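Student: My file is protein_8.cif. It has mmCIF, C-alpha atoms; chains and numbers go by the auth columns:
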```cif
data_model
loop_
_atom_site.group_PDB
_atom_site.id
_atom_site.type_symbol
_atom_site.label_atom_id
_atom_site.label_comp_id
_atom_site.label_asym_id
_atom_site.label_seq_id
_atom_site.Cartn_x
_atom_site.Cartn_y
_atom_site.Cartn_z
_atom_site.B_iso_or_equiv
_atom_site.auth_seq_id
_atom_site.auth_asym_id
ATOM 1 C CA VAL A 1 0.000 0.000 0.000 0.00 1 A
ATOM 2 C CA GLN A 2 1.496 3.281 -1.076 0.00 2 A
ATOM 3 C CA LEU A 3 0.467 6.898 -1.163 0.00 3 A
ATOM 4 C CA GLN A 4 2.456 9.309 -3.274 0.00 4 A
ATOM 5 C CA ALA A 5 2.016 13.053 -3.138 0.00 5 A
ATOM 6 C CA SER A 6 3.049 15.178 -6.095 0.00 6 A
ATOM 7 C CA GLY A 7 2.521 18.592 -7.613 0.00 7 A
ATOM 8 C CA GLY A 8 4.653 20.678 -5.309 0.00 8 A
ATOM 9 C CA GLY A 9 6.967 23.384 -6.513 0.00 9 A
ATOM 10 C CA LEU A 10 7.782 27.062 -6.349 0.00 10 A
ATOM 11 C CA VAL A 11 4.884 29.496 -6.591 0.00 11 A
ATOM 12 C CA GLN A 12 4.547 33.212 -5.973 0.00 12 A
ATOM 13 C CA ALA A 13 2.384 34.533 -3.193 0.00 13 A
ATOM 14 C CA GLY A 14 -1.190 34.898 -4.392 0.00 14 A
ATOM 15 C CA GLY A 15 -0.781 32.108 -6.910 0.00 15 A
ATOM 16 C CA SER A 16 -2.274 28.632 -7.120 0.00 16 A
ATOM 17 C CA LEU A 17 -1.055 25.078 -7.035 0.00 17 A
ATOM 18 C CA ARG A 18 -2.767 21.693 -7.117 0.00 18 A
ATOM 19 C CA LEU A 19 -1.348 18.786 -5.198 0.00 19 A
ATOM 20 C CA SER A 20 -2.222 15.205 -6.068 0.00 20 A
ATOM 21 C CA CYS A 21 -2.130 12.053 -3.996 0.00 21 A
ATOM 22 C CA ALA A 22 -2.010 8.760 -5.858 0.00 22 A
ATOM 23 C CA ALA A 23 -2.862 5.550 -4.081 0.00 23 A
ATOM 24 C CA SER A 24 -1.545 2.174 -5.160 0.00 24 A
ATOM 25 C CA GLY A 25 -1.693 -1.302 -3.770 0.00 25 A
ATOM 26 C CA ARG A 26 -5.362 -1.044 -2.871 0.00 26 A
ATOM 27 C CA THR A 27 -8.321 1.149 -3.586 0.00 27 A
ATOM 28 C CA PHE A 28 -8.809 4.033 -1.208 0.00 28 A
ATOM 29 C CA SER A 29 -12.198 4.934 -2.596 0.00 29 A
ATOM 30 C CA ASN A 30 -13.897 4.233 0.742 0.00 30 A
ATOM 31 C CA TYR A 31 -11.158 5.582 3.025 0.00 31 A
ATOM 32 C CA GLY A 32 -11.142 8.984 4.632 0.00 32 A
ATOM 33 C CA MET A 33 -8.134 10.948 3.397 0.00 33 A
ATOM 34 C CA GLY A 34 -6.225 13.892 4.745 0.00 34 A
ATOM 35 C CA TRP A 35 -3.498 16.385 3.927 0.00 35 A
ATOM 36 C CA PHE A 36 -0.927 17.520 6.454 0.00 36 A
ATOM 37 C CA ARG A 37 2.077 19.796 6.149 0.00 37 A
ATOM 38 C CA GLN A 38 5.339 20.317 7.932 0.00 38 A
ATOM 39 C CA ALA A 39 7.296 23.530 7.758 0.00 39 A
ATOM 40 C CA PRO A 40 11.014 23.610 8.624 0.00 40 A
ATOM 41 C CA GLY A 41 11.515 23.359 12.370 0.00 41 A
ATOM 42 C CA LYS A 42 7.823 22.875 13.061 0.00 42 A
ATOM 43 C CA GLU A 43 5.503 20.017 13.911 0.00 43 A
ATOM 44 C CA ARG A 44 3.462 18.338 11.198 0.00 44 A
ATOM 45 C CA GLU A 45 0.041 19.972 11.166 0.00 45 A
ATOM 46 C CA PHE A 46 -3.369 19.181 9.791 0.00 46 A
ATOM 47 C CA VAL A 47 -4.478 20.937 6.611 0.00 47 A
ATOM 48 C CA ALA A 48 -7.621 19.240 5.280 0.00 48 A
ATOM 49 C CA ARG A 49 -9.663 16.068 5.359 0.00 49 A
ATOM 50 C CA ILE A 50 -12.304 14.482 3.145 0.00 50 A
ATOM 51 C CA SER A 51 -14.604 11.770 4.444 0.00 51 A
ATOM 52 C CA TRP A 52 -14.682 8.354 2.834 0.00 52 A
ATOM 53 C CA SER A 53 -17.957 9.221 1.075 0.00 53 A
ATOM 54 C CA GLY A 54 -16.660 12.573 -0.070 0.00 54 A
ATOM 55 C CA ALA A 55 -19.683 14.247 1.470 0.00 55 A
ATOM 56 C CA THR A 56 -17.831 16.052 4.248 0.00 56 A
ATOM 57 C CA THR A 57 -14.667 18.109 4.269 0.00 57 A
ATOM 58 C CA TYR A 58 -12.712 19.710 7.090 0.00 58 A
ATOM 59 C CA TYR A 59 -10.087 22.438 6.985 0.00 59 A
ATOM 60 C CA ALA A 60 -7.600 24.060 9.273 0.00 60 A
ATOM 61 C CA ASP A 61 -8.565 27.638 10.021 0.00 61 A
ATOM 62 C CA SER A 62 -5.357 28.849 8.383 0.00 62 A
ATOM 63 C CA VAL A 63 -6.380 27.502 4.967 0.00 63 A
ATOM 64 C CA LYS A 64 -10.171 27.711 5.106 0.00 64 A
ATOM 65 C CA GLY A 65 -11.547 29.555 2.102 0.00 65 A
ATOM 66 C CA ARG A 66 -8.275 29.195 0.162 0.00 66 A
ATOM 67 C CA PHE A 67 -7.689 25.430 -0.099 0.00 67 A
ATOM 68 C CA THR A 68 -10.074 22.765 -1.365 0.00 68 A
ATOM 69 C CA ILE A 69 -9.741 19.016 -0.892 0.00 69 A
ATOM 70 C CA SER A 70 -11.419 16.685 -3.367 0.00 70 A
ATOM 71 C CA ARG A 71 -11.245 13.124 -4.570 0.00 71 A
ATOM 72 C CA ASP A 72 -11.652 11.179 -7.807 0.00 72 A
ATOM 73 C CA VAL A 73 -12.827 7.713 -6.865 0.00 73 A
ATOM 74 C CA ALA A 74 -12.406 6.285 -10.340 0.00 74 A
ATOM 75 C CA LYS A 75 -8.753 7.339 -10.450 0.00 75 A
ATOM 76 C CA ASN A 76 -8.029 6.523 -6.793 0.00 76 A
ATOM 77 C CA MET A 77 -6.739 10.070 -6.368 0.00 77 A
ATOM 78 C CA VAL A 78 -7.101 12.848 -3.823 0.00 78 A
ATOM 79 C CA TYR A 79 -6.318 16.485 -4.584 0.00 79 A
ATOM 80 C CA LEU A 80 -5.561 19.662 -2.700 0.00 80 A
ATOM 81 C CA GLN A 81 -6.270 22.820 -4.660 0.00 81 A
ATOM 82 C CA MET A 82 -4.303 25.656 -3.124 0.00 82 A
ATOM 83 C CA ASN A 83 -5.360 29.197 -4.050 0.00 83 A
ATOM 84 C CA SER A 84 -4.182 32.577 -2.811 0.00 84 A
ATOM 85 C CA VAL A 85 -1.107 30.947 -1.322 0.00 85 A
ATOM 86 C CA LYS A 86 0.973 32.760 1.247 0.00 86 A
ATOM 87 C CA PRO A 87 4.641 32.449 2.250 0.00 87 A
ATOM 88 C CA GLU A 88 3.494 30.775 5.469 0.00 88 A
ATOM 89 C CA ASP A 89 2.071 27.927 3.363 0.00 89 A
ATOM 90 C CA THR A 90 5.637 26.880 2.571 0.00 90 A
ATOM 91 C CA ALA A 91 6.055 23.310 3.796 0.00 91 A
ATOM 92 C CA VAL A 92 6.335 19.685 2.808 0.00 92 A
ATOM 93 C CA TYR A 93 2.815 18.431 2.189 0.00 93 A
ATOM 94 C CA TYR A 94 1.811 14.857 2.985 0.00 94 A
ATOM 95 C CA CYS A 95 -1.290 12.879 2.167 0.00 95 A
ATOM 96 C CA ALA A 96 -2.596 10.305 4.598 0.00 96 A
ATOM 97 C CA SER A 97 -5.340 7.724 4.808 0.00 97 A
ATOM 98 C CA ASP A 98 -7.552 6.323 7.520 0.00 98 A
ATOM 99 C CA PRO A 99 -6.381 2.944 8.792 0.00 99 A
ATOM 100 C CA ALA A 100 -9.665 1.276 7.876 0.00 100 A
ATOM 101 C CA PRO A 101 -12.455 1.806 5.330 0.00 101 A
ATOM 102 C CA ARG A 102 -15.714 3.642 5.960 0.00 102 A
ATOM 103 C CA ARG A 103 -14.444 5.122 9.166 0.00 103 A
ATOM 104 C CA VAL A 104 -16.701 7.799 10.571 0.00 104 A
ATOM 105 C CA SER A 105 -14.858 11.088 10.998 0.00 105 A
ATOM 106 C CA SER A 106 -14.422 11.854 14.665 0.00 106 A
ATOM 107 C CA SER A 107 -13.592 15.051 16.461 0.00 107 A
ATOM 108 C CA SER A 108 -9.960 13.888 16.346 0.00 108 A
ATOM 109 C CA TYR A 109 -9.732 14.113 12.546 0.00 109 A
ATOM 110 C CA ALA A 110 -6.895 16.653 12.799 0.00 110 A
ATOM 111 C CA GLU A 111 -4.654 14.382 14.831 0.00 111 A
ATOM 112 C CA LYS A 112 -1.861 12.513 13.043 0.00 112 A
ATOM 113 C CA ALA A 113 -2.537 9.378 15.080 0.00 113 A
ATOM 114 C CA GLN A 114 -5.943 9.017 13.429 0.00 114 A
ATOM 115 C CA TYR A 115 -4.332 8.146 10.101 0.00 115 A
ATOM 116 C CA GLY A 116 -2.856 4.770 9.291 0.00 116 A
ATOM 117 C CA TYR A 117 -1.083 5.274 5.992 0.00 117 A
ATOM 118 C CA TRP A 118 1.234 8.077 4.957 0.00 118 A
ATOM 119 C CA GLY A 119 2.828 8.991 1.707 0.00 119 A
ATOM 120 C CA GLN A 120 6.084 10.709 0.947 0.00 120 A
ATOM 121 C CA GLY A 121 5.719 14.440 0.908 0.00 121 A
ATOM 122 C CA THR A 122 5.934 17.041 -1.799 0.00 122 A
ATOM 123 C CA LEU A 123 7.596 20.385 -1.179 0.00 123 A
ATOM 124 C CA VAL A 124 5.670 23.603 -1.703 0.00 124 A
ATOM 125 C CA THR A 125 7.630 26.844 -1.595 0.00 125 A
ATOM 126 C CA VAL A 126 5.790 30.163 -1.723 0.00 126 A
ATOM 127 C CA SER A 127 7.863 33.193 -2.528 0.00 127 A
ATOM 128 C CA SER A 128 6.882 36.672 -1.400 0.00 128 A
#
```
What would the structure in this file look like if it were written as structure tokens?

Tutor:
Amino acid sequence: VQLQASGGGLVQAGGSLRLSCAASGRTFSNYGMGWFRQAPGKEREFVARISWSGATTYYADSVKGRFTISRDVAKNMVYLQMNSVKPEDTAVYYCASDPAPRRVSSSSYAEKAQYGYWGQGTLVTVSS
């Protein structure tokens, strides 16, 4: 089971970027998925989550209204559309999956321990 994040790069403040998370080894179509990020010298923090059904999304306050998480079940992909990026969005971004299918999102959805599978990150650098 592998998750691979891609799409990172250098972008100017105010610009947009779309990150992708590809799943292989099994279908993640009925798994809740999340995005986290880790800036240099900081703890890994929650960014966004989409429920296994796709009906519910959650966002960190710092990205609400600017980032959008979505999924393409047929392609086994999850995306993070990043708009109006800021220098403080600079970080390595990771996608993660629930440890089991059809898991109901709990109030702990922002905690790293709630996720069972992690992919390698992709670096996003926002220049001012």

Student: I'd like the residues picked by the PyMOL selection byres ((chain A and resi 53) around 9) written out as a list in words, using the chain letters and numbers from the file.

Tutor: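 Residues picked by the PyMOL selection byres ((chain A and resi 53) around 9): Ser29, Asn30, Tyr31, Gly32, Ile50, Ser51, Trp52, Gly54, Ala55, Thr56 and Arg102 of chain A.
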
Student: Any idea what the distance is between CA of Thr68 (chain A) and CA of Leu17 (chain A)?

Tutor: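 A separation of 10.9 Å between them.
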
Student: Applied to this file, what does the PyMOL selection byres ((chain A and resi 10) around 10) return in terms of residues, put as a PDB file with C-alpha atoms, in the coordinates of the input?

Tutor:
```
ATOM      1  CA  GLY A   8       4.653  20.678  -5.309  1.00  0.00           C
ATOM      2  CA  GLY A   9       6.967  23.384  -6.513  1.00  0.00           C
ATOM      3  CA  VAL A  11       4.884  29.496  -6.591  1.00  0.00           C
ATOM      4  CA  GLN A  12       4.547  33.212  -5.973  1.00  0.00           C
ATOM      5  CA  ALA A  13       2.384  34.533  -3.193  1.00  0.00           C
ATOM      6  CA  GLY A  15      -0.781  32.108  -6.910  1.00  0.00           C
ATOM      7  CA  LEU A  17      -1.055  25.078  -7.035  1.00  0.00           C
ATOM      8  CA  THR A  90       5.637  26.880   2.571  1.00  0.00           C
ATOM      9  CA  LEU A 123       7.596  20.385  -1.179  1.00  0.00           C
ATOM     10  CA  VAL A 124       5.670  23.603  -1.703  1.00  0.00           C
ATOM     11  CA  THR A 125       7.630  26.844  -1.595  1.00  0.00           C
ATOM     12  CA  VAL A 126       5.790  30.163  -1.723  1.00  0.00           C
ATOM     13  CA  SER A 127       7.863  33.193  -2.528  1.00  0.00           C
TER      14      SER A 127
END
```

Student: Out of A:Glu88, A:Gly121, A:Asp98, A:Ala74, which residue has the shortest atom-to-atom distance to Arg49 (chain A) when counting only C-alpha atoms?

Tutor: A:Asp98

Student: Evaluate the PyMOL selection byres ((chain A and resi 38) around 10) on the structure here and hand back the selected residues as a PyMOL selection string.

Tutor: chain A and resi 36-37+39-47+89-94+121+123

Student: Within 9 Å of region 78-81 of chain A, counting all atoms listed in the file, which residues show up once you throw out same-chain ones fewer than 5 positions away? Write them as a compact mmCIF listing (two decimals) with C-alpha atoms, in the coordinates of the input, please.

Tutor:
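Output file selection-v4.txt is given in full below:
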```txt
# COMPACT_ATOMS: atom_id res chain seq x y z
CA SER A 16 -2.27 28.63 -7.12
CA LEU A 17 -1.06 25.08 -7.04
CA ARG A 18 -2.77 21.69 -7.12
CA LEU A 19 -1.35 18.79 -5.20
CA SER A 20 -2.22 15.20 -6.07
CA CYS A 21 -2.13 12.05 -4.00
CA ALA A 22 -2.01 8.76 -5.86
CA ALA A 23 -2.86 5.55 -4.08
CA MET A 33 -8.13 10.95 3.40
CA GLY A 34 -6.22 13.89 4.74
CA TRP A 35 -3.50 16.39 3.93
CA ALA A 48 -7.62 19.24 5.28
CA ILE A 50 -12.30 14.48 3.14
CA ARG A 66 -8.28 29.20 0.16
CA PHE A 67 -7.69 25.43 -0.10
CA THR A 68 -10.07 22.76 -1.36
CA ILE A 69 -9.74 19.02 -0.89
CA SER A 70 -11.42 16.68 -3.37
CA ARG A 71 -11.24 13.12 -4.57
CA ASP A 72 -11.65 11.18 -7.81
CA VAL A 73 -12.83 7.71 -6.86
CA CYS A 95 -1.29 12.88 2.17
```

Student: Any idea what the distance is between CA of Val1 (chain A) and CA of Lys75 (chain A)?

Tutor: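 Answer for the CA of Val1 (chain A) to CA of Lys75 (chain A) separation: 15.5 Å.
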
Student: Could you check how far CA of Tyr109 (chain A) sits from CA of Ser62 (chain A), in Å to one decimal?

Tutor: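 One can read the CA of Tyr109 (chain A) to CA of Ser62 (chain A) distance as 15.9 Å.
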
Student: Could you check which of A:Ala60, A:Ala5, A:Gly14, A:Gln120 is closest to Val85 (chain A), using only C-alpha atoms?

Tutor: A:Gly14

Student: So which one's closest to Gln4 (chain A), A:Gly119, A:Gly65, A:Gly25, A:Pro101? Using only C-alpha atoms, please.

Tutor: A:Gly119

Student: Out of A:Lys112, A:Lys64, A:Arg26, A:Lys86, which residue has the shortest atom-to-atom distance to Ser128 (chain A) when counting only C-alpha atoms?

Tutor: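 Between A:Lys112, A:Lys64, A:Arg26, A:Lys86, the residue approaching Ser128 (chain A) most closely is A:Lys86.
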
Student: Any chance you could export region 54-68 of chain A with N, CA and C atoms, as a short mmCIF file (atom, residue, chain, number, x, y, z; two decimals), in the first residue's frame?

Tutor:
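Heads up, here's the output in decode.cif:
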```cif
data_model
loop_
_atom_site.label_atom_id
_atom_site.label_comp_id
_atom_site.auth_asym_id
_atom_site.auth_seq_id
_atom_site.Cartn_x
_atom_site.Cartn_y
_atom_site.Cartn_z
N GLY A 54 -16.86 11.33 0.65
CA GLY A 54 -16.66 12.57 -0.07
C GLY A 54 -17.67 13.65 0.29
N ALA A 55 -18.61 13.31 1.17
CA ALA A 55 -19.68 14.25 1.47
C ALA A 55 -19.27 15.35 2.43
N THR A 56 -18.23 15.10 3.22
CA THR A 56 -17.83 16.05 4.25
C THR A 56 -16.35 16.39 4.13
N THR A 57 -16.06 17.66 4.27
CA THR A 57 -14.67 18.11 4.27
C THR A 57 -14.40 18.95 5.52
N TYR A 58 -13.15 18.96 5.92
CA TYR A 58 -12.71 19.71 7.09
C TYR A 58 -11.43 20.45 6.73
N TYR A 59 -11.27 21.64 7.30
CA TYR A 59 -10.09 22.44 6.99
C TYR A 59 -9.53 23.08 8.25
N ALA A 60 -8.23 23.26 8.23
CA ALA A 60 -7.60 24.06 9.27
C ALA A 60 -8.02 25.51 9.06
N ASP A 61 -8.15 26.24 10.13
CA ASP A 61 -8.56 27.64 10.02
C ASP A 61 -7.62 28.44 9.13
N SER A 62 -6.35 28.09 9.13
CA SER A 62 -5.36 28.85 8.38
C SER A 62 -5.52 28.72 6.87
N VAL A 63 -6.24 27.69 6.42
CA VAL A 63 -6.38 27.50 4.97
C VAL A 63 -7.83 27.58 4.51
N LYS A 64 -8.74 27.69 5.44
CA LYS A 64 -10.17 27.71 5.11
C LYS A 64 -10.47 28.86 4.15
N GLY A 65 -11.21 28.55 3.09
CA GLY A 65 -11.55 29.56 2.10
C GLY A 65 -10.51 29.70 1.00
N ARG A 66 -9.34 29.10 1.18
CA ARG A 66 -8.27 29.19 0.16
C ARG A 66 -7.96 27.83 -0.45
N PHE A 67 -8.02 26.78 0.36
CA PHE A 67 -7.69 25.43 -0.10
C PHE A 67 -8.96 24.60 -0.23
N THR A 68 -8.94 23.67 -1.17
CA THR A 68 -10.07 22.76 -1.36
C THR A 68 -9.56 21.34 -1.55
#
```
